[in-house]
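Trainee: Just passing along the structure, written as structure tokens.
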Protein chains: 2
Amino acid sequence: MSSTARIQGMSVQERKERERAHRHQLIVAAARELAEAHGWDAVTTRRLSERIEYSQPVLYSHFRGKREIVGAVALEGFTELTATMREAVANGPEGRAAVAALAGAYLDFAERNPALYDAMFLLDTGLPFADEATPAPLREGFETLLNTLGALAGSAEPALFVEVFWSALHGLVSLTRSGRLPRQEASRRLDVLVDRFAGRGCPDAHTRSC
Amino acid sequence: MSSTARIQGMSVQERKERERAHRHQLIVAAARELAEAHGWDAVTTRRLSERIEYSQPVLYSHFRGKREIVGAVALEGFTELTATMREAVANGPEGRAAVAALAGAYLDFAERNPALYDAMFLLDTGLPFADEATPAPLREGFETLLNTLGALAGSAEPALFVEVFWSALHGLVSLTRSGRLPRQEASRRLDVLVDRFAGRGCPDAHTRSC
DNA sequence: AGCACGTTTCTAGCATCGCTAGATTTCCAT
DNA sequence: ATGGAAATCTAGCGATGCTAGAAACGTGCT
């Protein structure tokens with residue numbers, strides 16, 4: 001290793017890494033756009049490579065395979081969903097209002113980013129969830145729910161309470177998106193769900209007489 | 001058309017139709033078994049045709065394509081799920097017990113028939129759901145839920161109440177099956193869900209003081 | 001009985017998929 | 001300028017769902 005390698009070589013290496021990172025993001029963005037525009041079935045390695053103007057094998061120098069690309073898009077989704085939910089409870093609503101705000105934000109997010117939502121919750125991404133290796137964005141999303149809803153758990157364990165609430169939201173999204181539930185009365189279903197989870201009864205009796 | 005055609009011809013035609021129907025069921029059964037044994041990805045037209053000992057184009061004389069085969073399996077699933085749920089409420093439980101019985105039956109069914117459940121609720125089958133063309137097995141499944149749970153809807157419209165309950169169940173199944181929720185505490189999550197939907201509060205106050 | 005015709009079934013192949021080995025080019029350090 | 005490592009591409013493999021056209025079959029008539 002010469003002095004040039006030590007002085008200039010490093011910056012060349014850094015530039016290459018920068019370019020690599022840029023191309024990495026290019027792939028993720030292309031996958032996301034393609035999925036959002038024409039569905040995940042339209043996201044093929046050939047189309048992706050065409051979009052980024054590189055050949056297909058380049059994709060495999062960034063990701064182990066297609067599922068890892070989907071996983072990268074899903075991670076973006078978790079970050080954005082967490083931000084959306086945090087915003088929804090930024091002004092500190094409590095009781096029923098908090099549940100309604102979170103649930104509304106969640107359903108809105110799913111409605112506005114269908115492909116992104118699929119990457120997060122439907123497709124196989126290989127992302128570890130309830131695991132010591134769970135990526136930060138996932139953890140933060142769950143914690144946002146926990147911070148706001150944990151207090152409404154009543155006699156149930158907060159974490160379980162949140163998981164069940166999340167499941168219900170996901171069920172609504174999932175069944176509606178796949179045509180199993182008519183989209184028409186989605187907002188009324190949301191009301192029913194919020195009523196059930198907003199602790200009508202013991203913990204927060206200020207919402208409705210019991 | 002001769003007398004033979006009028007007397008014997010019909011029975012020949014009937015025999016052919018019987019054989020066709022038999023082969024039809026053979027395809028559906030093969031698809032289901034293959035899916036339950038090795039997942040839906042392993043259900044390919046080539047493997048199916050090998051199982052039924054006919055060439056691939058024969059499949060397309062019975063079904064428009066693979067999705068219609070999945071749909072046929074899904075239909076079987078709805079019939080069986082409905083039967084399972086009916087059995088669960090056969091001895092007429094009420095209030096919390098009814099909710100727990102139905103939810104337990106549902107989750108058990110999903111756990112015991114993962115591929116079947118996927119065909120019903122995850123995969124694209126082209127089956128019409130909330131539609132005038134909704135097949136009978138689907139309708140009956142929903143009605144079973146409605147008959148038992150409608151009374152617990154409280155101030156909500158029964159149909160919506162049931163849809164939301166169903167969504168929550170599906171959410172639990174879906175997130176658990178895909179590894180998003182740890183399988184470990186599934187039964188405690190079920191308890192939390194039942195608590196929320198068993199009308200703790202106004203309609204059925206005999207379950208828990210309010 | 002034998003033949004003609006309609007139906008059923010099969011062979012063969014298309015376009016596309018995810019993915020990869022090996023050739024080829026590019027670029028850096030000398 | 002040039003050798004060699006790193007980056008990139010060409011070409012192709014084994015699958016997939018699905019289909020057109022050829023071959024085989026069996027029915028019903030003479």
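In the structure tokens, the first chain shown is A, the next is B, and so on; residue numbers restart at 1 for each chain, and ligands run from 1 in the order shown.
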I need the residues in stretch 94-176 of chain B that are alpha helix (DSSP H) according to DSSP; give them as a PyMOL selection string.
Mentor: chain B and resi 95-112+114-121+136-149+158-176
Trainee: Write out as a tab-separated table a residue-level contact list of chain D versus stretch 26-43 of chain B with cut-off 12 Å: for each qualifying residue the closest pair of atoms and the distance in Å to one decimal, counting only C-alpha atoms (C1' of nucleotides), rows sorted by chain and residue number upward.
Mentor:
```
residue	atom	partner	partner_atom	distance
D:DA15	C1'	B:Ala42	CA	11.4
D:DT16	C1'	B:Asp41	CA	10.3
D:DG17	C1'	B:Val43	CA	11.5
```
Trainee: Keeping only C-alpha atoms (C1' of nucleotides), write the selected residues as a compact mmCIF listing (two decimals), in the first residue's frame.
Mentor:
```txt
# COMPACT_ATOMS: atom_id res chain seq x y z
C1' DA D 15 -39.04 -22.84 -13.50
C1' DT D 16 -43.67 -20.63 -14.04
C1' DG D 17 -48.80 -20.00 -16.26
```
Trainee: Could you tell me which of B:Arg18, B:Gly150, B:Val89, B:Val58 comes closest to chain C if we count only C-alpha atoms (C1' of nucleotides)?
Mentor: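 Of B:Arg18, B:Gly150, B:Val89, B:Val58, the one nearest chain C, counting only C-alpha atoms (C1' of nucleotides), is B:Val58.
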Trainee: Can you work out the spacing between atom C1' of C:DA29 and atom CA of A:Ser11 in Å, to one decimal?
Mentor: 14.1 Å
Trainee: Taking only C-alpha atoms (C1' of nucleotides) into account, which residues of chain B are within 9 Å of chain C, as a list in words?
Mentor: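 Every residue meeting the condition is included here: Tyr54, Ser55, Gln56, Pro57 and Val58 of chain B.
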Trainee: Write the residues of the preceding selection, restricted to all heavy atoms, as a PDB file, in the first residue's frame.
Mentor:
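Done, and the output landed in again.pdb:
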```
ATOM      1  N   TYR B  54     -53.148 -36.462 -15.875  1.00  0.00           N
ATOM      2  CA  TYR B  54     -53.573 -35.894 -17.160  1.00  0.00           C
ATOM      3  C   TYR B  54     -52.603 -34.778 -17.508  1.00  0.00           C
ATOM      4  O   TYR B  54     -51.856 -34.313 -16.643  1.00  0.00           O
ATOM      5  CB  TYR B  54     -54.993 -35.326 -17.078  1.00  0.00           C
ATOM      6  CG  TYR B  54     -56.085 -36.372 -17.108  1.00  0.00           C
ATOM      7  CD1 TYR B  54     -56.622 -36.866 -15.930  1.00  0.00           C
ATOM      8  CD2 TYR B  54     -56.560 -36.866 -18.318  1.00  0.00           C
ATOM      9  CE1 TYR B  54     -57.618 -37.829 -15.950  1.00  0.00           C
ATOM     10  CE2 TYR B  54     -57.557 -37.831 -18.349  1.00  0.00           C
ATOM     11  CZ  TYR B  54     -58.073 -38.310 -17.163  1.00  0.00           C
ATOM     12  OH  TYR B  54     -59.052 -39.258 -17.204  1.00  0.00           O
ATOM     13  N   SER B  55     -52.641 -34.369 -18.745  1.00  0.00           N
ATOM     14  CA  SER B  55     -51.734 -33.288 -19.138  1.00  0.00           C
ATOM     15  C   SER B  55     -52.284 -31.938 -18.683  1.00  0.00           C
ATOM     16  O   SER B  55     -53.462 -31.800 -18.341  1.00  0.00           O
ATOM     17  CB  SER B  55     -51.540 -33.293 -20.641  1.00  0.00           C
ATOM     18  OG  SER B  55     -52.750 -32.961 -21.273  1.00  0.00           O
ATOM     19  N   GLN B  56     -51.415 -30.943 -18.704  1.00  0.00           N
ATOM     20  CA  GLN B  56     -51.802 -29.638 -18.174  1.00  0.00           C
ATOM     21  C   GLN B  56     -53.029 -29.016 -18.838  1.00  0.00           C
ATOM     22  O   GLN B  56     -53.874 -28.450 -18.148  1.00  0.00           O
ATOM     23  CB  GLN B  56     -50.616 -28.671 -18.262  1.00  0.00           C
ATOM     24  CG  GLN B  56     -49.414 -29.124 -17.473  1.00  0.00           C
ATOM     25  CD  GLN B  56     -48.137 -28.529 -17.994  1.00  0.00           C
ATOM     26  OE1 GLN B  56     -48.019 -27.324 -18.127  1.00  0.00           O
ATOM     27  NE2 GLN B  56     -47.167 -29.372 -18.294  1.00  0.00           N
ATOM     28  N   PRO B  57     -53.150 -29.082 -20.137  1.00  0.00           N
ATOM     29  CA  PRO B  57     -54.314 -28.415 -20.752  1.00  0.00           C
ATOM     30  C   PRO B  57     -55.648 -28.910 -20.219  1.00  0.00           C
ATOM     31  O   PRO B  57     -56.645 -28.183 -20.289  1.00  0.00           O
ATOM     32  CB  PRO B  57     -54.151 -28.749 -22.244  1.00  0.00           C
ATOM     33  CG  PRO B  57     -52.693 -28.902 -22.413  1.00  0.00           C
ATOM     34  CD  PRO B  57     -52.214 -29.560 -21.154  1.00  0.00           C
ATOM     35  N   VAL B  58     -55.678 -30.129 -19.689  1.00  0.00           N
ATOM     36  CA  VAL B  58     -56.928 -30.643 -19.121  1.00  0.00           C
ATOM     37  C   VAL B  58     -57.403 -29.754 -17.972  1.00  0.00           C
ATOM     38  O   VAL B  58     -58.602 -29.509 -17.806  1.00  0.00           O
ATOM     39  CB  VAL B  58     -56.730 -32.098 -18.647  1.00  0.00           C
ATOM     40  CG1 VAL B  58     -57.902 -32.538 -17.787  1.00  0.00           C
ATOM     41  CG2 VAL B  58     -56.586 -33.022 -19.842  1.00  0.00           C
TER      42      VAL B  58
END
```
Trainee: How many Å lie between atom CA of B:Asp195 and atom CA of B:Leu175, rounded to one decimal?
Mentor: 19.8 Å
Trainee: Would you mind telling me which residue in A:Arg112, A:Arg20, A:Arg196, A:Lys66 lies nearest to chain D when using only C-alpha atoms (C1' of nucleotides)?
Mentor: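 Among the listed residues, the smallest separation from chain D belongs to A:Arg20.
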Trainee: Counting only C-alpha atoms (C1' of nucleotides), what are the residues of chain D within 12 Å of chain A, and for each of them which pair of atoms is the nearest and at what distance in Å, to one decimal? Sort the table by chain and rising number, as CSV.
Mentor:
```
residue,atom,partner,partner_atom,distance
D:DA6,C1',A:Lys16,CA,11.3
D:DA7,C1',A:Val58,CA,9.2
D:DT8,C1',A:Val58,CA,7.4
D:DC9,C1',A:Ser55,CA,6.6
D:DT10,C1',A:Ser55,CA,9.5
```
Trainee: Taking only C-alpha atoms into account, which residues of chain A are within 10 Å of chain B, as a ChimeraX atom specification?
Mentor: /A:120-131,153,155-157,159-176,178-183,185-186,188-193,195-203,205,209-210
Trainee: List the spatial neighbours of B:Tyr60 as a list in words - criterion: any atom at most 10 Å away, only C-alpha atoms (C1' of nucleotides), same-chain residues fewer than 6 positions off excluded.
Mentor: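 Contacts, in chain order: Thr45, Lys66, Glu68 and Ile69 of chain B; DC18 and DT19 of chain D.
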Trainee: Pull C-alpha atoms (C1' of nucleotides) from the residues just selected and write them as a PDB file, in the first residue's frame.
Mentor:
```
ATOM      1  CA  THR B  45     -50.026 -26.635 -13.079  1.00  0.00           C
ATOM      2  CA  LYS B  66     -54.857 -21.345 -11.430  1.00  0.00           C
ATOM      3  CA  GLU B  68     -60.022 -20.492 -10.152  1.00  0.00           C
ATOM      4  CA  ILE B  69     -58.556 -23.683  -8.735  1.00  0.00           C
TER       5      ILE B  69
ATOM      6  C1'  DC D  18     -50.914 -20.739 -20.259  1.00  0.00           C
ATOM      7  C1'  DT D  19     -52.155 -22.086 -25.331  1.00  0.00           C
TER       8       DT D  19
END
```
Trainee: To one decimal in Å, tell me the separation between atom CA of A:Leu116 and atom CA of A:Ala88.
Mentor: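 The value is 19.4 Å.
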